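Trainee: I have a structure here, written as structure tokens, and I will follow up with some questions on it.
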Number of protein chains: 2
Amino acid sequence: MTPEAALIDLQNIHDEGSLLVVGECGRHIPFPVRRMFAVTAVSPGERRGHHAHRQLNQMLICMSGSIDVVTDDGHERRTYRLDHLSRGLHVPPGIWAEQTYEGPGTVLLVLCDQPYDEADYIREYDQFLAYRGVTGKPT
Amino acid sequence: MTPEAALIDLQNIHDEGSLLVVGECGRHIPFPVRRMFAVTAVSPGERRGHHAHRQLNQMLICMSGSIDVVTDDGHERRTYRLDHLSRGLHVPPGIWAEQTYEGPGTVLLVLCDQPYDEADYIREYDQFLAYRGVTGKPT
């Protein structure tokens, strides 16, 4: 059984109006970070992602603006709204994910536990369902 | 001799107007990441930081807005403007740093190679100069 995606509250420290948000590996971030990437300047409403990973763990944190993330385990689709950096979404391996960016100034940070590896991607949805052992489409 | 602070270009991948910025540990980020923190909602013009670390490596990336970072090795002060997520500032141990935020929507991401440890901080400037073996004030 593959783990599900999960929202994770980071540590929030308020100090005279400002906000410090902390994510520690092994505590808030359930893996060691070996790579980060950030995505910005995406056209509003454009849906990105459309893939799953075989091994890669990812933590998605919306640093500015707002992003809707759809996760799909082959049986069920869930939608998460990420609109503040105080909360991240852990997307474990074996979960199909798609992201919709609300404005061009939106910035998505993704922390990863592996270097980039094209062979780790599942980019075709039918192939994803086969990988998950699902024969029908999700509802 | 302690290493100096250094600007580091992250990998930039342009795709139909959008921008993907990649930082890999051991390649762009010169240390393994064990903790991240982010700071936002700081009053414009307010100067933060005012400390050095004995052991901690940090990579500062401005995810939104604009931040001026002053670094100080006890002999020389340098000012770096971080106004885009495509470039980070590596602040190694033994460097005093201060940050000025330009607007309340500015977001600073800091990647670190150690968990939080209050004993690692040098918060008094005189103590920092003594730690660096400097007797006079910097120019």
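In the structure tokens, each chain is lettered A, B, ... as it comes, each chain's residues begin at 1, and ligands are numbered from 1 in order of appearance.
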Define the interface residues of chain A facing chain B as those within 7 Å, counting only C-alpha atoms, and report them as a VMD selection string.
Mentor: chain A and resid 17 to 25 32 to 42 63 to 64 115
Trainee: From a backbone DSSP assignment, name each residue in chain A labelled strand (DSSP E), as a ChimeraX atom specification.
Mentor: /A:6-9,11-15,18-24,35-40,47-53,58-64,67-72,77-82,87-91,96-101,107-112,121-122
Trainee: What lies within 7 Å of Asp83 (chain B) using only C-alpha atoms, ignoring chain neighbours under 3 positions off, as a ChimeraX atom specification?
Mentor: /B:62,65-67
Trainee: Let me make sure I understand: among B:Arg132, B:His53, B:Arg123, B:Arg48, which one has the smallest atom-to-atom distance to His75 (chain B) if we use only C-alpha atoms?
Mentor: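 Using only C-alpha atoms, His75 (chain B) sits closest to B:Arg132.
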Trainee: Could you find all residues in chain A that DSSP calls alpha helix (DSSP H) from the backbone, and write them as a list in words?
Mentor: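 The residues of chain A classed as alpha helix (DSSP H) are Tyr125, Asp126, Gln127, Phe128, Leu129, Ala130 and Tyr131 of chain A.
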Trainee: Measure the distance from CA of His50 (chain B) to CA of Gly88 (chain B) in Å and round it to one decimal.
Mentor: 19.1 Å
Trainee: Pick out the closest residue to Ile95 (chain B) from this set: B:Gly74, B:Pro44, B:Gly49, B:Pro30. Count only C-alpha atoms.
Mentor: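 For Ile95 (chain B), the nearest of the candidates is B:Gly74.
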Trainee: Could you work out how far CA of Arg77 (chain B) lies from CA of Glu98 (chain B), giving the answer in Å with one decimal?
Mentor: 10.4 Å
Trainee: Residues within 12 Å of Ala6 (chain B), please, as an mmCIF file with N, CA, C and O atoms, in the first residue's frame. Count only C-alpha atoms; anything in the same chain fewer than 3 positions from it doesn't count.
Mentor:
data_model
loop_
_atom_site.group_PDB
_atom_site.id
_atom_site.type_symbol
_atom_site.label_atom_id
_atom_site.label_comp_id
_atom_site.auth_asym_id
_atom_site.auth_seq_id
_atom_site.Cartn_x
_atom_site.Cartn_y
_atom_site.Cartn_z
ATOM 1 N N PRO B 3 35.699 30.564 4.678
ATOM 2 C CA PRO B 3 35.222 30.921 3.339
ATOM 3 C C PRO B 3 34.341 32.170 3.371
ATOM 4 O O PRO B 3 33.736 32.492 4.392
ATOM 5 N N ASP B 9 24.479 30.863 -8.828
ATOM 6 C CA ASP B 9 23.394 30.761 -9.808
ATOM 7 C C ASP B 9 22.789 29.367 -9.743
ATOM 8 O O ASP B 9 23.508 28.366 -9.855
ATOM 9 N N HIS B 28 24.632 22.825 -6.799
ATOM 10 C CA HIS B 28 24.386 24.259 -6.624
ATOM 11 C C HIS B 28 24.416 24.643 -5.149
ATOM 12 O O HIS B 28 24.823 25.744 -4.785
ATOM 13 N N ILE B 29 23.924 23.742 -4.318
ATOM 14 C CA ILE B 29 23.874 23.994 -2.872
ATOM 15 C C ILE B 29 25.032 23.216 -2.255
ATOM 16 O O ILE B 29 25.044 21.984 -2.310
ATOM 17 N N PRO B 30 26.022 23.942 -1.689
ATOM 18 C CA PRO B 30 27.280 23.272 -1.320
ATOM 19 C C PRO B 30 27.227 22.530 0.010
ATOM 20 O O PRO B 30 28.228 22.484 0.718
ATOM 21 N N ASN B 57 26.014 26.223 7.774
ATOM 22 C CA ASN B 57 25.984 26.753 6.411
ATOM 23 C C ASN B 57 24.547 27.112 6.049
ATOM 24 O O ASN B 57 23.619 26.363 6.378
ATOM 25 N N GLN B 58 24.383 28.236 5.356
ATOM 26 C CA GLN B 58 23.053 28.667 4.941
ATOM 27 C C GLN B 58 23.071 29.083 3.474
ATOM 28 O O GLN B 58 24.049 29.656 2.997
ATOM 29 N N MET B 59 21.981 28.787 2.807
ATOM 30 C CA MET B 59 21.770 29.274 1.438
ATOM 31 C C MET B 59 20.514 30.115 1.461
ATOM 32 O O MET B 59 19.426 29.617 1.777
ATOM 33 N N LEU B 60 20.661 31.416 1.156
ATOM 34 C CA LEU B 60 19.540 32.347 1.175
ATOM 35 C C LEU B 60 19.013 32.522 -0.242
ATOM 36 O O LEU B 60 19.780 32.859 -1.159
ATOM 37 N N VAL B 69 21.178 41.905 1.541
ATOM 38 C CA VAL B 69 21.904 41.147 2.560
ATOM 39 C C VAL B 69 23.284 41.748 2.721
ATOM 40 O O VAL B 69 24.026 41.886 1.743
ATOM 41 N N VAL B 70 23.620 42.131 3.941
ATOM 42 C CA VAL B 70 24.971 42.589 4.260
ATOM 43 C C VAL B 70 25.713 41.423 4.902
ATOM 44 O O VAL B 70 25.198 40.800 5.834
ATOM 45 N N THR B 71 26.897 41.115 4.374
ATOM 46 C CA THR B 71 27.752 40.114 5.005
ATOM 47 C C THR B 71 29.017 40.808 5.506
ATOM 48 O O THR B 71 29.442 41.814 4.947
ATOM 49 N N ARG B 78 30.049 43.511 2.754
ATOM 50 C CA ARG B 78 29.576 43.494 1.365
ATOM 51 C C ARG B 78 28.055 43.487 1.384
ATOM 52 O O ARG B 78 27.446 42.916 2.288
ATOM 53 N N THR B 79 27.455 44.103 0.379
ATOM 54 C CA THR B 79 25.997 44.110 0.264
ATOM 55 C C THR B 79 25.589 43.389 -1.010
ATOM 56 O O THR B 79 26.128 43.664 -2.085
ATOM 57 N N TYR B 80 24.690 42.448 -0.871
ATOM 58 C CA TYR B 80 24.147 41.701 -2.004
ATOM 59 C C TYR B 80 22.654 41.986 -2.096
ATOM 60 O O TYR B 80 21.961 41.972 -1.076
ATOM 61 N N LEU B 82 19.271 40.446 -3.269
ATOM 62 C CA LEU B 82 18.595 39.224 -3.729
ATOM 63 C C LEU B 82 17.182 39.626 -4.150
ATOM 64 O O LEU B 82 16.361 39.988 -3.311
ATOM 65 N N ARG B 87 18.888 32.957 -8.120
ATOM 66 C CA ARG B 87 20.243 33.090 -7.575
ATOM 67 C C ARG B 87 20.181 33.061 -6.053
ATOM 68 O O ARG B 87 19.343 33.730 -5.453
ATOM 69 N N GLY B 88 21.051 32.280 -5.433
ATOM 70 C CA GLY B 88 21.095 32.192 -3.984
ATOM 71 C C GLY B 88 22.392 32.764 -3.442
ATOM 72 O O GLY B 88 23.358 32.969 -4.183
ATOM 73 N N LEU B 89 22.407 33.035 -2.151
ATOM 74 C CA LEU B 89 23.618 33.520 -1.484
ATOM 75 C C LEU B 89 24.028 32.497 -0.434
ATOM 76 O O LEU B 89 23.274 32.220 0.511
ATOM 77 N N HIS B 90 25.198 31.907 -0.625
ATOM 78 C CA HIS B 90 25.734 30.980 0.366
ATOM 79 C C HIS B 90 26.413 31.785 1.472
ATOM 80 O O HIS B 90 27.356 32.535 1.210
ATOM 81 N N VAL B 91 25.904 31.632 2.675
ATOM 82 C CA VAL B 91 26.527 32.274 3.840
ATOM 83 C C VAL B 91 27.147 31.161 4.681
ATOM 84 O O VAL B 91 26.436 30.415 5.361
ATOM 85 N N PRO B 92 28.464 31.019 4.631
ATOM 86 C CA PRO B 92 29.130 29.952 5.377
ATOM 87 C C PRO B 92 29.265 30.322 6.856
ATOM 88 O O PRO B 92 28.978 31.455 7.247
ATOM 89 N N ILE B 95 30.472 34.077 9.204
ATOM 90 C CA ILE B 95 30.130 35.327 8.509
ATOM 91 C C ILE B 95 28.925 35.963 9.203
ATOM 92 O O ILE B 95 27.880 35.334 9.363
#
Trainee: For Tyr131 (chain B), which of B:Ala52, B:Ile8, B:Ala119, B:Ala97 is the closest residue, counting only C-alpha atoms?
Mentor: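 Closest candidate: B:Ala52.
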Trainee: Expressed in Å to a single decimal, how great is the separation between CA of Gln127 (chain A) and CA of Leu7 (chain A)?
Mentor: 26.3 Å
Trainee: Let me make sure I understand: among A:Thr100, A:His84, A:Gln55, A:Gly45, which one has the smallest atom-to-atom distance to Asp120 (chain A) if we use only C-alpha atoms?
Mentor: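 Ranked by minimum distance to Asp120 (chain A), first place goes to A:Gln55.
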Trainee: Choose the residue, out of B:Tyr101, B:Asp117, B:Gly133, B:Gly94, that has the smallest atom-to-atom separation from Asp72 (chain B); count only C-alpha atoms.
Mentor: B:Gly94
